[in-house]
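Structure file work_38.csv; described as CSV, C-alpha atoms and all ligand atoms.
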chain,number,residue,atom,x,y,z
A,27,MET,CA,-37.6,73.8,44.6
A,28,LYS,CA,-37.4,71.3,47.5
A,29,SER,CA,-34.1,71.0,49.3
A,30,LEU,CA,-32.2,67.8,49.0
A,31,LEU,CA,-32.7,67.1,52.7
A,32,ALA,CA,-36.5,67.5,52.3
A,33,THR,CA,-36.5,65.1,49.3
A,34,LEU,CA,-34.5,62.5,51.3
A,35,LEU,CA,-36.9,62.8,54.3
A,36,LEU,CA,-39.9,62.4,52.0
A,37,THR,CA,-38.4,59.4,50.3
A,38,ALA,CA,-37.6,57.8,53.6
A,39,ALA,CA,-41.1,58.4,54.9
A,40,ALA,CA,-42.5,56.8,51.7
A,41,LEU,CA,-40.6,53.5,52.4
A,42,PRO,CA,-42.7,51.0,54.3
A,43,ALA,CA,-41.5,50.2,57.8
A,44,ALA,CA,-39.4,47.0,57.9
A,45,HIS,CA,-41.0,44.0,59.6
A,46,ALA,CA,-39.4,40.7,60.7
A,47,GLY,CA,-38.8,38.5,57.7
A,48,GLU,CA,-39.4,41.2,55.0
A,49,VAL,CA,-36.0,40.9,53.4
A,50,LEU,CA,-36.0,37.1,53.7
A,51,ASP,CA,-39.4,37.1,52.0
A,52,GLU,CA,-38.0,39.3,49.2
A,53,ILE,CA,-35.2,36.7,48.7
A,54,THR,CA,-37.5,33.7,48.7
A,55,SER,CA,-40.1,35.3,46.4
A,56,GLY,CA,-37.5,36.7,44.0
A,57,GLY,CA,-35.6,33.4,44.0
A,58,SER,CA,-32.1,34.9,44.3
A,59,LEU,CA,-30.0,36.5,46.9
A,60,ILE,CA,-28.0,39.5,45.9
A,61,CYS,CA,-24.7,39.5,47.6
A,62,LEU,CA,-21.9,42.2,47.2
A,63,VAL,CA,-18.2,41.3,47.0
A,64,SER,CA,-15.0,43.0,45.9
A,65,PRO,CA,-14.8,43.0,42.1
A,66,ASN,CA,-11.2,41.6,42.1
A,67,ALA,CA,-9.6,40.2,45.3
A,68,PRO,CA,-7.6,37.0,44.6
A,69,GLY,CA,-8.6,34.3,47.1
A,70,PHE,CA,-11.6,36.2,48.2
A,71,SER,CA,-13.7,37.1,45.2
A,72,VAL,CA,-12.5,36.9,41.6
A,73,PRO,CA,-14.6,36.0,38.5
A,74,ASP,CA,-13.6,32.7,36.9
A,75,SER,CA,-13.5,32.3,33.1
A,76,ASP,CA,-17.3,32.0,33.1
A,77,GLY,CA,-17.7,35.2,35.0
A,78,VAL,CA,-18.7,33.3,38.2
A,79,PHE,CA,-17.2,34.8,41.4
A,80,ARG,CA,-14.9,32.3,43.2
A,81,GLY,CA,-13.2,32.8,46.6
A,82,PHE,CA,-13.6,32.8,50.4
A,83,ASN,CA,-16.0,35.7,50.5
A,84,ALA,CA,-18.0,34.5,47.5
A,85,ASP,CA,-18.5,31.2,49.3
A,86,PHE,CA,-20.3,32.9,52.1
A,87,CYS,CA,-22.7,34.4,49.6
A,88,ARG,CA,-23.3,30.8,48.5
A,89,MET,CA,-23.7,29.6,52.1
A,90,ALA,CA,-26.6,32.1,52.5
A,91,ALA,CA,-28.2,31.1,49.2
A,92,ALA,CA,-27.9,27.4,50.1
A,93,ALA,CA,-29.5,28.0,53.5
A,94,ILE,CA,-32.3,30.2,52.3
A,95,LEU,CA,-33.0,29.0,48.8
A,96,GLY,CA,-31.6,25.5,49.0
A,97,ASP,CA,-29.3,26.3,46.1
A,98,ALA,CA,-25.9,27.9,46.4
A,99,GLY,CA,-26.1,28.7,42.6
A,100,ARG,CA,-28.9,31.1,43.3
A,101,ALA,CA,-26.5,33.6,44.9
A,102,ASP,CA,-26.4,36.6,42.6
A,103,ILE,CA,-22.9,37.7,43.4
A,104,ARG,CA,-22.0,41.2,42.3
A,105,GLY,CA,-18.7,43.0,42.3
A,106,THR,CA,-19.0,46.4,43.9
A,107,GLY,CA,-16.6,49.0,45.3
A,108,PHE,CA,-16.0,49.1,49.0
A,109,SER,CA,-17.9,52.2,50.1
A,110,ASP,CA,-20.5,51.6,47.4
A,111,SER,CA,-21.3,48.2,48.9
A,112,MET,CA,-22.3,49.8,52.2
A,113,LYS,CA,-24.3,52.5,50.4
A,114,THR,CA,-26.1,49.9,48.3
A,115,LEU,CA,-27.2,47.9,51.3
A,116,VAL,CA,-28.5,51.0,53.0
A,117,ALA,CA,-30.4,52.0,49.8
A,118,ARG,CA,-31.9,48.4,49.8
A,119,GLY,CA,-30.2,47.5,46.5
A,120,ALA,CA,-28.8,44.2,47.7
A,121,HIS,CA,-29.5,41.6,50.4
A,122,MET,CA,-26.0,41.2,51.9
A,123,ALA,CA,-22.3,41.9,51.5
A,124,SER,CA,-19.5,39.4,52.0
A,125,ARG,CA,-16.2,41.3,51.8
A,126,SER,CA,-13.6,43.1,53.9
A,127,ILE,CA,-16.1,45.1,56.0
A,128,THR,CA,-14.9,45.6,59.6
A,129,GLU,CA,-17.6,45.6,62.2
A,130,THR,CA,-17.2,48.8,64.2
A,131,GLY,CA,-19.5,50.4,66.8
A,132,THR,CA,-20.5,53.4,64.7
A,133,ARG,CA,-21.1,51.3,61.5
A,134,ASP,CA,-23.3,48.9,63.5
A,135,ALA,CA,-25.3,51.9,64.8
A,136,ASP,CA,-26.1,53.0,61.3
A,137,ALA,CA,-29.6,52.1,60.2
A,138,GLY,CA,-29.7,49.9,57.1
A,139,MET,CA,-26.8,47.5,58.0
A,140,ALA,CA,-26.8,44.5,60.3
A,141,PHE,CA,-23.5,43.0,61.2
A,142,VAL,CA,-24.1,39.3,61.5
A,143,ALA,CA,-21.2,36.9,61.6
A,144,THR,CA,-17.4,37.5,61.6
A,145,THR,CA,-16.0,35.2,58.9
A,146,PHE,CA,-12.4,36.4,59.2
A,147,PHE,CA,-10.4,38.0,62.1
A,148,ASP,CA,-7.8,40.2,60.5
A,149,GLY,CA,-5.6,43.2,61.4
A,150,GLN,CA,-4.2,46.2,59.6
A,151,GLY,CA,-0.7,46.1,58.1
A,152,PHE,CA,1.6,47.8,55.6
A,153,MET,CA,3.0,46.7,52.2
A,154,VAL,CA,6.1,48.3,50.8
A,155,PRO,CA,8.3,47.9,47.8
A,156,LYS,CA,11.4,45.9,48.9
A,157,SER,CA,13.5,48.6,47.2
A,158,LEU,CA,12.3,51.1,49.9
A,159,GLY,CA,14.6,49.1,52.3
A,160,VAL,CA,12.2,49.4,55.3
A,161,SER,CA,11.7,46.5,57.7
A,162,SER,CA,9.4,47.9,60.3
A,163,ALA,CA,6.5,50.4,60.4
A,164,ALA,CA,8.5,52.5,62.9
A,165,GLU,CA,10.6,53.6,59.9
A,166,LEU,CA,7.6,55.0,58.0
A,167,GLY,CA,7.8,58.6,59.2
A,168,GLY,CA,7.1,61.1,56.4
A,169,ALA,CA,5.8,58.3,54.1
A,170,THR,CA,3.0,58.7,51.5
A,171,VAL,CA,0.4,56.0,52.2
A,172,CYS,CA,-2.2,54.7,49.7
A,173,ALA,CA,-5.5,53.5,51.4
A,174,GLU,CA,-9.2,52.9,50.7
A,175,ASP,CA,-11.6,55.8,50.9
A,176,GLY,CA,-14.1,55.4,53.7
A,177,SER,CA,-12.2,52.6,55.4
A,178,THR,CA,-11.1,51.9,58.9
A,179,THR,CA,-7.6,51.8,57.4
A,180,LEU,CA,-7.6,55.7,57.2
A,181,LEU,CA,-8.8,56.1,60.8
A,182,THR,CA,-6.2,53.6,62.1
A,183,LEU,CA,-3.4,55.3,60.2
A,184,ALA,CA,-4.4,58.7,61.7
A,185,ASP,CA,-4.4,57.2,65.3
A,186,TRP,CA,-1.1,55.3,64.8
A,187,PHE,CA,0.9,58.1,63.3
A,188,ALA,CA,-0.5,60.7,65.7
A,189,ASP,CA,0.3,58.5,68.7
A,190,ARG,CA,3.9,58.3,67.6
A,191,ASP,CA,4.2,62.0,66.6
A,192,MET,CA,5.2,60.8,63.1
A,193,ALA,CA,4.2,62.7,59.9
A,194,TYR,CA,2.6,61.0,56.9
A,195,ARG,CA,0.6,61.9,53.9
A,196,VAL,CA,-2.3,59.9,52.7
A,197,GLU,CA,-3.5,59.2,49.1
A,198,ASN,CA,-7.1,58.2,49.7
A,199,ILE,CA,-8.2,56.6,46.4
A,200,ALA,CA,-11.6,54.8,46.3
A,201,ASP,CA,-11.1,52.8,43.1
A,202,LYS,CA,-9.0,49.8,43.9
A,203,THR,CA,-7.4,49.4,40.5
A,204,ALA,CA,-6.4,53.1,40.6
A,205,ARG,CA,-5.1,52.8,44.1
A,206,LEU,CA,-3.0,49.8,43.4
A,207,GLU,CA,-1.7,51.5,40.2
A,208,ALA,CA,-0.7,54.5,42.3
A,209,PHE,CA,1.2,52.2,44.7
A,210,PHE,CA,2.8,50.0,42.0
A,211,SER,CA,3.9,53.0,40.0
A,212,GLY,CA,5.6,54.6,43.1
A,213,LYS,CA,3.1,57.4,43.7
A,214,CYS,CA,2.8,56.1,47.2
A,215,ASP,CA,5.6,54.6,49.3
A,216,VAL,CA,3.3,52.4,51.3
A,217,TYR,CA,0.0,50.6,50.8
A,218,ALA,CA,-2.1,50.1,53.9
A,219,SER,CA,-5.0,47.7,54.4
A,220,ASP,CA,-6.0,44.5,56.2
A,221,VAL,CA,-3.0,42.1,56.2
A,222,THR,CA,-5.0,39.5,54.2
A,223,ALA,CA,-6.0,42.1,51.7
A,224,LEU,CA,-2.4,43.0,51.3
A,225,ASN,CA,-1.5,39.4,50.6
A,226,SER,CA,-4.3,39.3,48.0
A,227,ASP,CA,-3.5,42.6,46.4
A,228,ARG,CA,0.2,41.8,46.2
A,229,LEU,CA,-0.8,39.0,43.7
A,230,LEU,CA,-2.1,41.7,41.4
A,231,ALA,CA,1.5,43.2,41.0
A,232,GLU,CA,3.5,42.4,37.9
A,233,ALA,CA,6.2,41.0,40.2
A,234,PRO,CA,4.7,40.2,43.6
A,235,SER,CA,8.1,39.3,45.0
A,236,ASP,CA,9.2,42.9,44.7
A,237,TYR,CA,6.9,43.8,47.6
A,238,ALA,CA,7.1,43.0,51.3
A,239,ILE,CA,4.4,43.0,54.0
A,240,LEU,CA,5.8,44.4,57.2
A,241,PRO,CA,5.5,42.4,60.4
A,242,ASP,CA,3.5,45.1,62.2
A,243,VAL,CA,-0.2,44.5,62.7
A,244,ILE,CA,-1.7,47.7,64.1
A,245,SER,CA,-5.4,47.1,64.6
A,246,ASN,CA,-8.2,44.6,65.1
A,247,GLU,CA,-10.3,44.0,62.0
A,248,PRO,CA,-13.2,41.6,62.5
A,249,LEU,CA,-14.4,41.2,58.9
A,250,THR,CA,-18.0,40.5,59.1
A,251,LEU,CA,-21.0,39.5,56.9
A,252,VAL,CA,-23.4,42.4,56.7
A,253,THR,CA,-27.1,42.0,55.8
A,254,ARG,CA,-30.0,44.3,55.5
A,255,PRO,CA,-31.7,44.5,58.9
A,256,ASP,CA,-34.2,41.7,59.2
A,257,GLN,CA,-34.3,39.5,62.2
A,258,GLU,CA,-35.0,36.3,60.2
A,259,LEU,CA,-32.4,37.0,57.5
A,260,GLU,CA,-29.9,37.8,60.2
A,261,SER,CA,-30.7,34.5,62.0
A,262,ALA,CA,-30.5,32.5,58.8
A,263,VAL,CA,-27.1,33.9,57.9
A,264,PHE,CA,-25.7,33.7,61.5
A,265,TRP,CA,-26.8,30.1,62.0
A,266,ALA,CA,-25.7,29.0,58.6
A,267,PHE,CA,-22.2,30.2,59.6
A,268,GLN,CA,-22.5,28.3,62.9
A,269,VAL,CA,-23.4,25.1,61.0
A,270,MET,CA,-20.1,25.5,59.2
A,271,LEU,CA,-18.2,25.9,62.4
A,272,ASN,CA,-20.1,23.0,64.1
A,273,ALA,CA,-19.4,20.8,61.1
A,274,ASP,CA,-15.6,21.3,61.8
A,275,LYS,CA,-16.1,20.3,65.4
A,276,TYR,CA,-17.4,17.0,64.3
A,277,GLY,CA,-15.2,16.5,61.2
A,278,ILE,CA,-18.0,16.8,58.7
A,279,THR,CA,-17.3,18.2,55.2
A,280,SER,CA,-19.0,18.4,51.8
A,281,GLN,CA,-17.2,15.1,51.0
A,282,ASN,CA,-18.5,13.0,53.9
A,283,VAL,CA,-21.8,14.7,54.8
A,284,ASP,CA,-23.8,12.1,52.7
A,285,ALA,CA,-22.2,9.2,54.5
A,286,VAL,CA,-22.8,10.9,57.9
A,287,THR,CA,-26.5,11.7,57.2
A,288,ALA,CA,-27.1,8.2,55.8
A,289,ASP,CA,-26.3,6.8,59.2
A,290,LEU,CA,-27.2,9.4,61.8
A,291,ASP,CA,-28.0,6.7,64.5
A,292,ASP,CA,-24.3,6.0,64.6
A,293,GLN,CA,-23.3,9.7,65.1
A,294,PRO,CA,-23.1,11.8,68.3
A,295,THR,CA,-26.5,13.2,69.3
A,296,ALA,CA,-25.3,16.7,68.4
A,297,VAL,CA,-24.7,15.6,64.8
A,298,ALA,CA,-28.3,14.1,64.7
A,299,ARG,CA,-29.5,17.5,65.9
A,300,LEU,CA,-27.7,19.2,63.1
A,301,PHE,CA,-29.0,17.0,60.3
A,302,GLY,CA,-31.9,14.9,61.5
A,303,VAL,CA,-35.4,15.4,60.1
A,304,ASP,CA,-36.6,16.2,63.6
A,305,GLY,CA,-33.4,17.8,64.8
A,306,ALA,CA,-32.9,21.4,66.0
A,307,THR,CA,-32.1,22.7,62.5
A,308,ALA,CA,-35.5,21.4,61.2
A,309,GLU,CA,-37.2,23.1,64.1
A,310,MET,CA,-35.4,26.4,63.2
A,311,ALA,CA,-36.4,26.0,59.6
A,312,ALA,CA,-40.0,25.9,60.5
A,313,LYS,CA,-39.6,29.1,62.6
A,314,LEU,CA,-37.5,31.0,60.1
A,315,GLY,CA,-39.1,29.9,56.9
A,316,LEU,CA,-36.0,28.0,55.6
A,317,PRO,CA,-35.9,24.7,53.6
A,318,ALA,CA,-36.1,21.8,56.2
A,319,ASP,CA,-32.7,20.5,55.2
A,320,TRP,CA,-30.9,23.9,55.1
A,321,ALA,CA,-28.0,22.8,57.3
A,322,TYR,CA,-27.3,19.8,55.1
A,323,GLN,CA,-27.4,22.0,51.9
A,324,VAL,CA,-24.9,24.4,53.4
A,325,ILE,CA,-22.4,21.7,54.1
A,326,ARG,CA,-23.1,19.6,51.0
A,327,GLN,CA,-22.9,22.6,48.6
A,328,VAL,CA,-20.4,24.9,50.3
A,329,GLY,CA,-18.6,22.9,53.0
A,330,SER,CA,-17.4,23.4,56.5
A,331,TYR,CA,-15.5,26.6,57.6
A,332,SER,CA,-12.1,24.9,57.4
A,333,GLU,CA,-12.9,23.5,54.0
A,334,VAL,CA,-13.8,26.9,52.6
A,335,PHE,CA,-10.7,28.4,54.2
A,336,GLY,CA,-8.5,25.7,52.9
A,337,ARG,CA,-10.0,25.7,49.4
A,338,ASN,CA,-9.4,29.4,48.9
A,339,LEU,CA,-6.5,30.4,51.2
A,340,GLY,CA,-4.9,27.1,52.3
A,341,PRO,CA,-1.5,25.5,51.7
A,342,ASP,CA,-2.4,24.5,48.1
A,343,THR,CA,-3.2,28.1,47.1
A,344,PRO,CA,-0.9,31.1,46.4
A,345,PHE,CA,-1.7,32.2,50.0
A,346,GLY,CA,-0.4,29.1,51.6
A,347,MET,CA,-2.1,29.9,54.9
A,348,GLU,CA,-2.4,27.3,57.6
A,349,LEU,CA,-5.8,27.9,59.3
A,350,SER,CA,-4.4,26.6,62.7
A,351,GLN,CA,-1.7,29.4,62.5
A,352,THR,CA,-4.3,32.2,62.3
A,353,LEU,CA,-6.8,33.8,64.6
A,354,ASN,CA,-9.4,32.0,62.5
A,355,ALA,CA,-8.5,28.6,64.0
A,356,SER,CA,-11.0,26.9,66.2
A,357,TRP,CA,-11.0,28.0,69.9
A,358,GLU,CA,-9.8,24.4,70.7
A,359,GLU,CA,-6.6,25.3,68.8
A,360,GLY,CA,-6.2,28.7,70.4
A,361,GLY,CA,-8.1,30.6,67.7
A,362,LEU,CA,-11.3,32.7,67.8
A,363,MET,CA,-13.8,30.5,66.0
A,364,TYR,CA,-16.2,29.1,68.6
A,365,PRO,CA,-19.2,27.1,67.4
A,366,TYR,CA,-22.5,28.1,69.1
A,367,PRO,CA,-24.8,25.3,70.2
A,368,ILE,CA,-27.4,24.2,67.7
A,369,ARG,CA,-30.2,22.8,69.8
B,401,LIG,N1,-11.6,46.4,56.6
B,401,LIG,C1,-11.5,47.8,56.2
B,401,LIG,C2,-11.4,47.9,54.7
B,401,LIG,C3,-10.1,47.4,54.2
B,401,LIG,C4,-9.8,47.9,52.8
B,401,LIG,O1,-9.7,49.1,52.6
B,401,LIG,N2,-9.8,47.0,51.9
B,401,LIG,C5,-9.5,47.5,50.6
B,401,LIG,C6,-8.0,47.3,50.2
B,401,LIG,S1,-7.7,45.7,49.5
B,401,LIG,C7,-10.3,46.8,49.6
B,401,LIG,O2,-10.6,47.3,48.5
B,401,LIG,N3,-10.7,45.6,49.9
B,401,LIG,C8,-11.3,44.7,49.0
B,401,LIG,C9,-12.7,45.0,48.9
B,401,LIG,O3,-13.4,44.5,49.7
B,401,LIG,O4,-13.1,45.7,47.9
B,401,LIG,C10,-12.8,48.5,56.5
B,401,LIG,O5,-13.8,47.8,56.8
B,401,LIG,O6,-12.9,49.7,56.5

Would you write the structure of this file as structure tokens?
Amino acid sequence: MKSLLATLLLTAAALPAAHAGEVLDEITSGGSLICLVSPNAPGFSVPDSDGVFRGFNADFCRMAAAAILGDAGRADIRGTGFSDSMKTLVARGAHMASRSITETGTRDADAGMAFVATTFFDGQGFMVPKSLGVSSAAELGGATVCAEDGSTTLLTLADWFADRDMAYRVENIADKTARLEAFFSGKCDVYASDVTALNSDRLLAEAPSDYAILPDVISNEPLTLVTRPDQELESAVFWAFQVMLNADKYGITSQNVDAVTADLDDQPTAVARLFGVDGATAEMAAKLGLPADWAYQVIRQVGSYSEVFGRNLGPDTPFGMELSQTLNASWEEGGLMYPYPIR
């Protein structure tokens, strides 16, 4: 009997070597883009009554489908567990993932995953039941902490408690529903994750106001779109995201993009380059094999970055987040979002 390792090596050898554009070709010939999201993350990816995923992360799946296939509706958005989503990409079972995956050095060094564009700058925090009477992470010595299997959360917890010579116990539960159940039922004192995920997960409690998110933010978590490695697919997704940031720079949204493109002569030259038939995005389309009007389709069908943020997480949502108060604000407002030149 062959060893498992030998079988794996034989399987790997049988796979054809990747060439530029191979995954992009698979998407265009198949007519849909398989994109992995969390199965149930309010504000980020939750199925609506028709089973269609809605939310901030789901919108970046749509962005990619609008850019590559000209139709945001051709994103085949699938709910998948956290570690499974990375395994599925490596096994070539999906084209990209748009979820809470932090870009780290060792993950990026893994074959099979390309980290492409950071859509949300986050940091790790702690959620506690208010009944615990704790107001700072410094009081968490000896606590039992629930966290995601395979996550940076576990690594950061280990660093943080060790650096302070504080004891803790971890309940490392892969299934999110089971993990939250363990926390809400009191099996864990503390729930650790990215702060935004904590805000999202708190909404899944029977009484969200029974839980507090501590003020401590103990890590940097650049949550990043991951694709299968393919230079053209990576370019398409990275630049589609840059189009959304550039749209904000010039005040262009899904609502006004038709008026803007109807009168490009009246717009700044950079806007003509974004949307003109002989603009930079049309030149990129020819090189990458995208629809000529891909930039227009991204904005028309999905919107600018601030529009997507506002629709899913903004003041009119249960999150009530002001983009300008977060790290995700534009660099002109002191944030980290910095549109690259499209020319
Ligand atoms: N950003 C962390 C993961 C954070 C995390 O554990 N998120 C959990 C707790 S909410 C999760 O299930 N997130 C939603 C999801 O993407 O499934 C990492 O990349 O390792």

(message) My list of candidates is A:Ala98, A:Leu240, A:Ala273, A:Met153. Which is closest to ligand LIG 401 (chain B) when distances are computed with only C-alpha atoms and all ligand atoms?
(response) A:Met153

Taking all atoms listed in the file into account, produce a table as CSV in which each residue of chain A with an atom at most 6 Å from an atom of ligand LIG 401 (chain B) appears once, together with its shortest atom pair and the distance in Å to one decimal, ordered by chain and rising number.
residue,atom,partner,partner_atom,distance
A:Ser64,CA,B:LIG401,O4,3.9
A:Gly107,CA,B:LIG401,O4,5.5
A:Phe108,CA,B:LIG401,O4,4.6
A:Arg125,CA,B:LIG401,O3,4.7
A:Ser126,CA,B:LIG401,O3,4.4
A:Ile127,CA,B:LIG401,O5,3.6
A:Thr128,CA,B:LIG401,O5,3.7
A:Glu174,CA,B:LIG401,O1,4.3
A:Ser177,CA,B:LIG401,O6,3.2
A:Thr178,CA,B:LIG401,O6,3.7
A:Thr179,CA,B:LIG401,C1,5.7
A:Lys202,CA,B:LIG401,O2,5.5
A:Ser219,CA,B:LIG401,C4,5.1
A:Asp220,CA,B:LIG401,C3,5.4
A:Ala223,CA,B:LIG401,S1,4.5

(request) Point out the residue among A:Ser211, A:Gln150, A:Thr170, A:Ser226 with the least atom-to-atom distance to A:Val243, counting only C-alpha atoms. (result)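 Smallest distance to A:Val243 is found for A:Gln150.
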
(request) Fewer than 6 positions away in the same chain doesn't count, so skip those; otherwise give me all residues within 9 Å of A:Ala173, counting all atoms listed in the file, as an MDAnalysis selection string. (result) chainID A and resid 179:180 196:200 205 216:219

(request) Return the single residue from A:Thr352, A:Ser58, A:Gln281, A:Ser261 that is closest to A:Gly149, with distances computed using all atoms listed in the file. (result) A:Thr352

(request) Compare A:Val72, A:Val324, A:Val49, A:Leu62 by their minimum atom-to-atom distance to A:Ser124, counting all atoms listed in the file, and give me the closest one. (result) A:Leu62

(request) For A:Thr250, list every protein, DNA or RNA residue within 7 Å, evaluated using all atoms listed in the file, and leave out those in the same chain fewer than 4 positions away; present the list as an MDAnalysis selection string. (result) chainID A and resid 127:129 141:146

(request) Using all atoms listed in the file, pick whichever of A:Val252, A:Val334, A:Leu314, A:Leu229 has the shortest atom-to-atom distance to A:Lys113. (result)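 Among the listed residues, the smallest separation from A:Lys113 belongs to A:Val252.
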
(request) Identify which of the residues A:Thr203, A:Thr279, A:Thr54, A:Gln268 lies closest to A:Cys172, counting only C-alpha atoms when measuring atom-to-atom distances. (result)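 Using only C-alpha atoms, the shortest distance to A:Cys172 belongs to A:Thr203.
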
(request) Measure the distance from atom CA of A:Leu166 to atom CA of A:Ala193 in Å and round it to one decimal. (result) 8.6 Å

Write out as CSV a residue-level contact list of stretch 239-300 of chain A versus stretch 92-97 of chain A with cut-off 10 Å: for each qualifying residue the closest pair of atoms and the distance in Å to one decimal, counting all atoms listed in the file, rows sorted by chain and residue number upward.
residue,atom,partner,partner_atom,distance
A:Leu259,CA,A:Ile94,CA,8.6
A:Ala262,CA,A:Ala93,CA,7.0
A:Val263,CA,A:Ala93,CA,7.7
A:Trp265,CA,A:Ala93,CA,9.2
A:Ala266,CA,A:Ala93,CA,6.4
A:Phe267,CA,A:Ala93,CA,9.8

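The gap separating atom CA of A:Arg337 from atom CA of A:Asp74 is 14.8 Å, in Å to one decimal.
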
(request) Give me the residues within 9 Å of A:Met122 as a PyMOL selection string, counting all atoms listed in the file and dropping any in the same chain fewer than 5 places off. (result) chain A and resi 59-62+87+111+115+139+251-254

(request) Report the distance between atom CA of A:Thr295 and atom CA of A:Leu349 in Å, rounded to one decimal place. (result)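 Spanning atom CA of A:Thr295 to atom CA of A:Leu349 is a straight-line distance of 27.3 Å.
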